[in-house]
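As provided, start-v7.txt (compact mmCIF, C-alpha atoms and all ligand atoms) reads as follows.
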```
# COMPACT_ATOMS: atom_id res chain seq x y z
CA MET A 28 189.57 41.59 167.39
CA LYS A 29 190.36 37.95 166.58
CA ARG A 30 188.25 36.62 163.71
CA GLU A 31 186.29 33.37 163.66
CA ARG A 32 188.46 32.07 160.87
CA GLY A 33 192.02 32.91 160.01
CA PHE A 34 194.83 31.89 157.71
CA ALA A 35 197.05 30.04 160.16
CA SER A 36 196.44 26.49 159.00
CA ASP A 37 193.96 24.20 157.35
CA ASN A 38 194.36 22.20 160.57
CA ASN A 39 192.66 25.09 162.36
CA ALA A 40 189.50 24.71 160.30
CA GLY A 41 186.62 22.70 161.68
CA VAL A 42 185.00 19.60 160.27
CA HIS A 43 182.90 19.72 157.10
CA PRO A 44 179.18 19.29 158.01
CA ASP A 45 178.81 16.24 155.71
CA ILE A 46 181.66 14.55 157.55
CA LEU A 47 180.23 15.45 160.93
CA ASN A 48 176.93 13.94 159.78
CA ALA A 49 178.71 10.80 158.69
CA LEU A 50 180.24 10.53 162.15
CA THR A 51 176.81 10.88 163.74
CA ASN A 52 175.34 8.28 161.39
CA ALA A 53 178.13 5.84 162.18
CA ASN A 54 177.47 6.37 165.87
CA ASN A 55 174.83 3.71 165.94
CA GLY A 56 175.13 0.47 167.85
CA HIS A 57 178.30 -1.54 168.11
CA ALA A 58 180.84 -2.30 165.38
CA ILE A 59 183.84 -4.60 165.52
CA ALA A 60 186.86 -2.62 166.65
CA TYR A 61 190.29 -2.17 165.03
CA GLY A 62 189.04 -2.00 161.43
CA ASN A 63 187.04 -5.15 160.91
CA ASP A 64 183.81 -3.20 160.39
CA GLU A 65 181.64 -2.25 157.42
CA TYR A 66 182.69 1.43 157.45
CA THR A 67 186.39 0.64 157.24
CA HIS A 68 185.77 -1.96 154.54
CA ALA A 69 183.69 0.45 152.46
CA ALA A 70 186.23 3.29 152.70
CA THR A 71 189.08 0.93 151.86
CA LYS A 72 187.21 -0.15 148.74
CA GLN A 73 186.56 3.46 147.75
CA ILE A 74 190.23 4.40 148.06
CA LYS A 75 191.30 1.32 146.07
CA SER A 76 188.86 2.23 143.30
CA LEU A 77 190.70 5.51 142.66
CA PHE A 78 193.62 3.58 141.16
CA ASP A 79 193.99 1.39 138.05
CA ILE A 80 195.94 -1.10 140.14
CA GLU A 81 194.68 -1.31 143.70
CA PRO A 82 197.04 -0.35 146.51
CA GLU A 83 197.07 -1.89 149.98
CA VAL A 84 195.29 0.59 152.27
CA TYR A 85 195.74 1.07 156.02
CA PHE A 86 194.13 3.79 158.10
CA VAL A 87 196.10 5.64 160.74
CA LEU A 88 195.42 8.45 163.16
CA THR A 89 197.86 11.21 162.21
CA GLY A 90 199.90 12.49 159.29
CA THR A 91 203.12 12.10 161.23
CA GLY A 92 202.16 8.50 161.96
CA ALA A 93 201.47 7.86 158.27
CA ASN A 94 204.85 9.28 157.23
CA VAL A 95 206.90 7.61 159.93
CA LEU A 96 205.33 4.19 159.47
CA GLY A 97 205.49 4.39 155.68
CA ILE A 98 209.16 5.30 155.77
CA HIS A 99 209.80 2.60 158.33
CA MET A 100 208.60 -0.04 155.86
CA MET A 101 211.17 1.05 153.28
CA GLY A 102 214.45 0.51 155.05
CA GLY A 103 216.47 -0.15 158.18
CA SER A 104 218.30 1.96 160.73
CA PHE A 105 221.46 2.03 158.58
CA ASN A 106 219.58 3.73 155.74
CA SER A 107 218.96 7.39 155.01
CA VAL A 108 215.99 9.34 153.72
CA ILE A 109 216.61 12.18 151.29
CA CYS A 110 214.09 15.03 151.45
CA ALA A 111 213.80 18.77 150.96
CA GLU A 112 214.98 20.94 153.85
CA THR A 113 211.41 22.21 154.23
CA ALA A 114 209.91 18.69 154.43
CA HIS A 115 207.50 18.08 157.29
CA ILE A 116 209.44 14.90 158.14
CA ASN A 117 212.54 17.07 158.54
CA VAL A 118 211.26 20.08 160.46
CA ASP A 119 207.86 19.39 161.96
CA GLU A 120 207.82 15.85 163.30
CA CYS A 121 210.03 16.41 166.32
CA GLY A 122 212.53 13.87 165.03
CA ALA A 123 209.89 11.10 165.02
CA PRO A 124 211.17 9.56 161.76
CA GLU A 125 214.70 9.38 163.18
CA LYS A 126 213.53 8.09 166.57
CA PHE A 127 211.15 5.46 165.23
CA THR A 128 213.11 4.24 162.21
CA GLY A 129 216.67 5.00 163.29
CA MET A 130 217.33 6.30 159.77
CA LYS A 131 219.34 9.40 159.00
CA ILE A 132 217.47 12.26 157.36
CA ILE A 133 219.43 14.05 154.67
CA SER A 134 217.77 17.37 153.95
CA ILE A 135 218.51 19.38 150.84
CA PRO A 136 217.99 23.14 150.52
CA THR A 137 215.66 24.08 147.66
CA SER A 138 214.23 27.34 146.39
CA ASN A 139 210.68 25.98 146.00
CA GLY A 140 210.36 22.95 148.29
CA LYS A 141 210.90 20.54 145.40
CA LEU A 142 213.61 17.93 144.98
CA THR A 143 215.23 17.22 141.64
CA VAL A 144 217.55 14.42 140.56
CA GLN A 145 220.33 17.01 140.19
CA CYS A 146 220.07 18.09 143.81
CA ILE A 147 219.97 14.49 145.06
CA LEU A 148 223.04 13.33 143.08
CA PRO A 149 225.66 14.85 145.44
CA GLN A 150 224.17 12.73 148.27
CA MET A 151 224.68 9.48 146.37
CA HIS A 152 228.10 8.62 147.71
CA GLY A 153 229.50 5.97 150.01
CA ILE A 154 227.17 3.36 148.49
CA GLY A 155 228.12 -0.05 149.87
CA PHE A 156 230.58 1.58 152.30
CA GLU A 157 229.82 0.41 155.80
CA HIS A 158 230.81 3.72 157.43
CA HIS A 159 228.12 5.63 155.57
CA SER A 160 224.32 5.66 155.96
CA GLN A 161 222.94 4.04 152.83
CA PRO A 162 220.45 6.22 150.90
CA LYS A 163 217.26 4.19 150.50
CA ILE A 164 214.34 6.60 150.30
CA VAL A 165 213.55 9.78 148.45
CA SER A 166 210.66 11.49 150.21
CA ILE A 167 208.71 14.27 148.51
CA THR A 168 205.67 16.23 149.63
CA GLN A 169 202.81 16.90 147.22
CA PRO A 170 201.88 19.75 147.33
CA THR A 171 205.07 20.85 149.04
CA GLU A 172 205.16 22.57 152.39
CA VAL A 173 205.57 25.86 150.50
CA GLY A 174 202.48 25.34 148.39
CA THR A 175 204.17 24.32 145.14
CA LEU A 176 203.37 21.29 143.00
CA TYR A 177 205.30 18.51 141.32
CA SER A 178 204.09 17.64 137.82
CA PRO A 179 203.63 13.94 136.98
CA SER A 180 206.80 14.02 134.85
CA GLU A 181 208.84 15.55 137.68
CA ILE A 182 207.63 12.77 139.98
CA LYS A 183 208.46 10.14 137.39
CA LEU A 184 212.03 11.44 137.04
CA LEU A 185 212.50 11.11 140.80
CA ALA A 186 210.87 7.67 140.92
CA ASP A 187 212.95 6.38 138.01
CA PHE A 188 216.08 7.70 139.64
CA ALA A 189 215.21 6.15 142.99
CA HIS A 190 214.38 2.78 141.48
CA ALA A 191 217.49 2.75 139.30
CA ASN A 192 219.50 3.23 142.47
CA ASN A 193 217.78 0.53 144.51
CA MET A 194 215.77 3.12 146.41
CA TYR A 195 212.08 3.89 146.97
CA LEU A 196 209.96 6.98 146.44
CA HIS A 197 207.82 8.06 149.39
CA MET A 198 205.19 10.79 149.05
CA ASP A 199 203.83 12.83 151.94
CA GLY A 200 200.33 13.58 150.65
CA ALA A 201 198.94 15.27 153.73
CA ARG A 202 197.34 17.66 151.22
CA ILE A 203 197.20 15.35 148.21
CA SER A 204 193.57 16.39 147.58
CA ASN A 205 194.76 19.95 146.95
CA ALA A 206 197.29 18.67 144.41
CA VAL A 207 194.72 16.52 142.60
CA ALA A 208 192.27 19.42 142.45
CA ALA A 209 194.90 21.93 141.32
CA LEU A 210 196.39 19.74 138.61
CA ASN A 211 192.95 18.53 137.56
CA ILE A 212 194.12 14.99 136.93
CA SER A 213 193.44 11.73 138.69
CA ILE A 214 195.24 10.85 141.90
CA ASP A 215 196.57 7.77 140.10
CA GLU A 216 198.45 10.00 137.66
CA ILE A 217 200.42 11.82 140.35
CA THR A 218 201.11 8.89 142.64
CA ARG A 219 201.11 5.27 141.46
CA LYS A 220 201.58 5.82 137.73
CA PRO A 221 204.76 7.92 137.92
CA GLY A 222 206.21 5.45 140.44
CA VAL A 223 205.44 6.42 144.04
CA ASP A 224 205.92 3.37 146.27
CA ILE A 225 204.13 4.55 149.41
CA LEU A 226 201.73 7.49 149.82
CA SER A 227 200.56 9.16 153.02
CA PHE A 228 197.01 10.12 152.04
CA GLY A 229 195.68 12.99 154.16
CA GLY A 230 192.14 13.67 155.27
CA THR A 231 192.40 15.95 158.29
CA LYS A 232 193.53 19.08 156.46
CA ASN A 233 190.69 18.87 153.99
CA GLY A 234 187.58 18.77 156.16
CA MET A 235 187.91 15.60 158.20
CA MET A 236 188.08 15.54 162.00
CA TYR A 237 191.00 13.15 161.97
CA GLY A 238 192.25 10.21 159.96
CA GLU A 239 194.82 9.52 157.28
CA ALA A 240 195.70 6.48 155.21
CA VAL A 241 198.92 4.79 154.18
CA LEU A 242 198.73 3.47 150.61
CA PHE A 243 201.16 0.86 149.35
CA PHE A 244 201.47 0.83 145.56
CA ASN A 245 204.48 -1.37 146.07
CA GLN A 246 202.56 -4.11 147.84
CA GLN A 247 205.61 -6.02 149.02
CA LEU A 248 206.42 -3.13 151.31
CA ALA A 249 203.14 -3.68 153.14
CA THR A 250 204.23 -7.06 154.51
CA ASN A 251 204.07 -6.82 158.29
CA PHE A 252 202.72 -3.26 158.21
CA LYS A 253 199.82 -4.22 160.46
CA TYR A 254 202.23 -5.20 163.21
CA PHE A 255 204.26 -2.03 162.88
CA ARG A 256 201.07 0.07 162.85
CA LYS A 257 200.17 -1.40 166.23
CA GLN A 258 203.69 -1.01 167.60
CA GLY A 259 203.70 2.52 166.23
CA MET A 260 200.55 3.35 168.21
CA GLN A 261 198.58 4.23 165.09
CA LEU A 262 195.99 1.45 165.20
CA GLY A 263 192.77 3.19 166.20
CA SER A 264 190.33 0.93 168.01
CA LYS A 265 187.17 2.78 166.92
CA MET A 266 188.31 2.71 163.34
CA ARG A 267 184.77 2.80 161.99
CA TYR A 268 184.81 6.56 162.53
CA ILE A 269 187.78 7.02 160.19
CA GLY A 270 186.08 4.82 157.59
CA ALA A 271 182.82 6.74 157.88
CA GLN A 272 184.64 10.04 157.41
CA PHE A 273 186.54 8.84 154.35
CA SER A 274 183.32 7.56 152.77
CA ALA A 275 181.72 10.98 153.21
CA PHE A 276 184.95 12.55 151.91
CA PHE A 277 184.59 10.69 148.60
CA LYS A 278 180.80 11.00 148.30
CA ASP A 279 179.95 13.37 145.44
CA ASP A 280 183.66 14.28 145.25
CA LEU A 281 183.57 16.28 148.47
CA TRP A 282 187.35 15.84 148.81
CA LEU A 283 187.92 17.56 145.47
CA LYS A 284 185.28 20.23 146.06
CA ASN A 285 186.82 21.14 149.43
CA ALA A 286 190.35 21.17 148.07
CA SER A 287 189.47 23.09 144.96
CA HIS A 288 187.70 25.74 147.04
CA ALA A 289 190.71 26.12 149.36
CA ASN A 290 193.01 26.41 146.34
CA LYS A 291 190.80 29.07 144.77
CA MET A 292 190.79 31.09 147.97
CA ALA A 293 194.59 30.98 148.07
CA LEU A 294 194.77 32.23 144.48
CA LEU A 295 192.35 35.02 145.31
CA LEU A 296 194.41 35.95 148.36
CA GLU A 297 197.58 35.98 146.29
CA GLN A 298 195.93 38.22 143.69
CA LYS A 299 194.67 40.64 146.32
CA VAL A 300 197.89 41.00 148.31
CA LYS A 301 200.48 40.93 145.56
CA SER A 302 199.77 44.49 144.44
CA ILE A 303 200.06 45.88 147.97
CA PRO A 304 203.34 47.81 148.27
CA ASN A 305 205.96 46.02 150.42
CA VAL A 306 204.32 42.63 150.03
CA LYS A 307 206.60 40.24 148.19
CA ILE A 308 205.09 36.92 147.17
CA THR A 309 207.83 34.30 147.55
CA GLN A 310 206.23 31.20 146.02
CA LYS A 311 203.70 30.70 143.28
CA ALA A 312 200.40 29.83 145.01
CA GLN A 313 199.72 26.51 143.30
CA ALA A 314 197.70 24.87 146.08
CA ASN A 315 196.10 26.30 149.24
CA GLY A 316 198.98 28.31 150.70
CA VAL A 317 200.32 31.81 150.10
CA PHE A 318 203.86 32.71 151.12
CA ALA A 319 204.98 36.33 151.32
CA ILE A 320 207.56 38.59 152.87
CA ILE A 321 206.04 41.53 154.71
CA PRO A 322 207.67 44.15 156.97
CA LYS A 323 208.57 42.36 160.22
CA LYS A 324 207.13 45.05 162.49
CA LEU A 325 203.68 44.49 160.98
CA ILE A 326 203.59 40.77 161.72
CA PRO A 327 202.55 40.90 165.41
CA LYS A 328 199.93 43.58 164.68
CA LEU A 329 198.39 41.52 161.94
CA GLN A 330 198.62 38.38 164.06
CA ASP A 331 196.60 40.14 166.77
CA GLU A 332 193.69 40.17 164.38
CA TYR A 333 194.30 37.01 162.40
CA PHE A 334 196.72 34.51 163.81
CA PHE A 335 199.13 32.95 161.27
CA TYR A 336 202.60 31.45 161.32
CA VAL A 337 205.91 33.09 160.50
CA TRP A 338 207.72 30.85 158.04
CA ASP A 339 211.13 32.52 158.17
CA GLU A 340 211.95 34.76 161.12
CA GLU A 341 215.03 36.18 159.41
CA THR A 342 213.35 37.43 156.28
CA GLY A 343 209.84 38.10 157.61
CA GLU A 344 208.34 35.46 155.36
CA VAL A 345 204.87 34.41 156.49
CA ARG A 346 202.50 31.61 155.54
CA TRP A 347 198.80 32.09 154.95
CA MET A 348 196.78 28.92 154.49
CA CYS A 349 193.27 28.65 153.12
CA SER A 350 190.79 25.93 154.03
CA PHE A 351 187.58 24.39 152.76
CA ASP A 352 185.66 26.95 154.82
CA THR A 353 187.61 30.11 153.91
CA THR A 354 185.23 32.63 152.35
CA LYS A 355 185.81 35.36 149.76
CA GLU A 356 184.86 37.83 152.48
CA ASP A 357 187.59 36.46 154.77
CA VAL A 358 190.10 36.99 152.00
CA SER A 359 188.92 40.52 151.17
CA GLU A 360 188.82 41.60 154.80
CA PHE A 361 192.28 40.23 155.45
CA ALA A 362 193.77 41.86 152.33
CA SER A 363 192.16 45.23 153.22
CA LEU A 364 193.49 45.05 156.75
CA LEU A 365 196.97 44.30 155.45
CA GLU A 366 196.75 47.20 153.03
CA ASN A 367 195.61 49.58 155.78
CA PHE A 368 198.38 48.49 158.12
CA MET A 369 200.86 49.02 155.33
CA LYS A 370 199.60 52.57 154.76
CA GLN A 371 199.67 53.43 158.47
CA ASN A 372 203.20 52.15 159.02
C1 LIG B 1 202.98 18.28 154.80
C2 LIG B 1 202.54 17.68 156.10
N1 LIG B 1 202.77 16.39 156.35
C3 LIG B 1 202.40 15.79 157.48
C4 LIG B 1 201.75 16.50 158.47
C5 LIG B 1 201.47 15.78 159.76
O1 LIG B 1 200.21 15.77 160.22
P1 LIG B 1 199.86 15.52 161.76
O2 LIG B 1 199.95 16.85 162.42
O3 LIG B 1 198.48 14.96 161.68
O4 LIG B 1 200.81 14.54 162.34
C6 LIG B 1 201.47 17.85 158.27
C7 LIG B 1 200.76 18.64 159.32
O5 LIG B 1 200.65 19.82 159.30
C8 LIG B 1 201.89 18.47 157.07
O6 LIG B 1 201.68 19.76 156.83
```
Give the structure from the file, written as structure tokens.
Ligand SMILES: Cc1ncc(COP(=O)(O)O)c(C=O)c1O
Amino acid sequence: MKRERGFASDNNAGVHPDILNALTNANNGHAIAYGNDEYTHAATKQIKSLFDIEPEVYFVLTGTGANVLGIHMMGGSFNSVICAETAHINVDECGAPEKFTGMKIISIPTSNGKLTVQCILPQMHGIGFEHHSQPKIVSITQPTEVGTLYSPSEIKLLADFAHANNMYLHMDGARISNAVAALNISIDEITRKPGVDILSFGGTKNGMMYGEAVLFFNQQLATNFKYFRKQGMQLGSKMRYIGAQFSAFFKDDLWLKNASHANKMALLLEQKVKSIPNVKITQKAQANGVFAIIPKKLIPKLQDEYFFYVWDEETGEVRWMCSFDTTKEDVSEFASLLENFMKQN
């Protein structure tokens, strides 16, 4: 029996009722299209107020669009982007960054999804040599695709390194709310302050229907962004609905409540499954994902009941994601089912 909710992805979750209400409330009369409306203005102001120094804020439709357009603003087709091998821009955007920007992606294997200066250094060669793509961007994901977190000091080391080498630091924050909630510090302290130049700020994975924002802490990089957003097919005409959602997202800290709940459910899931024999947790659950190796033959059986994604086909590593609407009962039922399957097989 397939359950109502599973652990496949926070993208599979629905829309938080407060956000759905906000959409209904915004659905009243006409509003100027393409972002020149009161909802977009209000949400832009709210995002800016989260930072000591206001960023430039632009709303877009998808996380891939946010990443690709942000990266596009940081270099030219002769440049390269350095990221972790697991980065969404490397494995899950169907080559959109390469196609749209023309840049080369240099992906680095990591044990935990996190880049360090040491692992970037070997890529810093051929600088100024016309036969070589010129490294221009370091792109990190916070939290990473494997559910781990960068500390503010780790981000600062990467930003300082990038800036000292005439490069920029890009952050894919599709789940930045989960990082802010988990680290229990302000968003400013894990983005602008340590030196991020451009942030993709996600909404969809944390209770919104759709909508993301590109934030420019380095304001010079925003010059001409509005033209590229249009060319990049990310300028939504009925933008008021993104603005209305973001306003509801920030009202009474819904974004942090949703993210913190999802994180807690992931921790609970990790606690429940880690003592089951033959379950090997592969990453520390620091945000809303749990990664584990389980016997391969069990995967399809478990997927019949709760669909989820296999992360590594070779090792049998799987990914279980929690969402704002995951319940304790979902977690307990899933862990019991896993335990029973383990006993039977
Ligand atoms: C880390 C990360 N970045 C970006 C995205 C892209 O989002 P979208 O599917 O809206 O393009 C995702 C989506 O799952 C993601 O997990």
(request) Give me the residues within 10 Å of stretch 301-318 of chain A as number ranges by chain, counting all atoms listed in the file and dropping any in the same chain fewer than 2 places off. (result) A: 34-37, 138-140, 169-177, 202-210, 286-299, 320-322, 337-338, 344-351, 362-363, 365-367, 369-370
Near stretch 214-227 of chain A, 12 Å: stretch 35-119 of chain A residue rows, closest pairs, only C-alpha atoms, as a tab-separated table:
```
residue	atom	partner	partner_atom	distance
A:Ile74	CA	A:Ile214	CA	10.2
A:Lys75	CA	A:Asp215	CA	10.2
A:Ser76	CA	A:Asp215	CA	10.0
A:Leu77	CA	A:Asp215	CA	6.8
A:Phe78	CA	A:Asp215	CA	5.2
A:Asp79	CA	A:Asp215	CA	7.2
A:Ile80	CA	A:Arg219	CA	8.3
A:Glu81	CA	A:Arg219	CA	9.5
A:Pro82	CA	A:Arg219	CA	8.6
A:Glu83	CA	A:Ile225	CA	9.6
A:Val84	CA	A:Leu226	CA	9.8
A:Tyr85	CA	A:Ser227	CA	9.9
A:Phe86	CA	A:Ser227	CA	9.8
A:Val87	CA	A:Ser227	CA	9.6
A:Leu88	CA	A:Ser227	CA	11.4
A:Thr89	CA	A:Ser227	CA	9.8
A:Gly90	CA	A:Ser227	CA	7.1
A:Thr91	CA	A:Ser227	CA	9.1
A:Gly92	CA	A:Ser227	CA	9.1
A:Ala93	CA	A:Ser227	CA	5.5
A:Asn94	CA	A:Ser227	CA	6.0
A:Val95	CA	A:Ser227	CA	9.5
A:Leu96	CA	A:Ser227	CA	9.4
A:Gly97	CA	A:Ile225	CA	6.4
A:Ile98	CA	A:Ile225	CA	8.1
A:His99	CA	A:Ile225	CA	10.7
A:Met100	CA	A:Ile225	CA	9.1
A:Met101	CA	A:Ile225	CA	8.8
A:Ile116	CA	A:Ser227	CA	11.7
```
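Of the listed residues A:Thr71, A:Gln272, A:Thr342, A:Ser134, the one whose atoms come nearest to A:Pro44 is A:Gln272, with distances taken using only C-alpha atoms.
For A:Phe334, the set of protein, DNA and RNA residues having any atom at most 9 Å away, when counting all atoms listed in the file and skipping those fewer than 3 positions along the same chain, is Lys29, Arg30, Gly33, Phe34, Ala35, Pro327, Leu329, Gln330 and Asp331 of chain A.
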(message) Which residue is closest to ligand LIG 1 (chain B)? Choose from A:Phe273, A:Phe335, A:Phe368, A:Tyr237 and count only C-alpha atoms and all ligand atoms.
(response)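 Distance minimum relative to ligand LIG 1 (chain B) lands on A:Tyr237.
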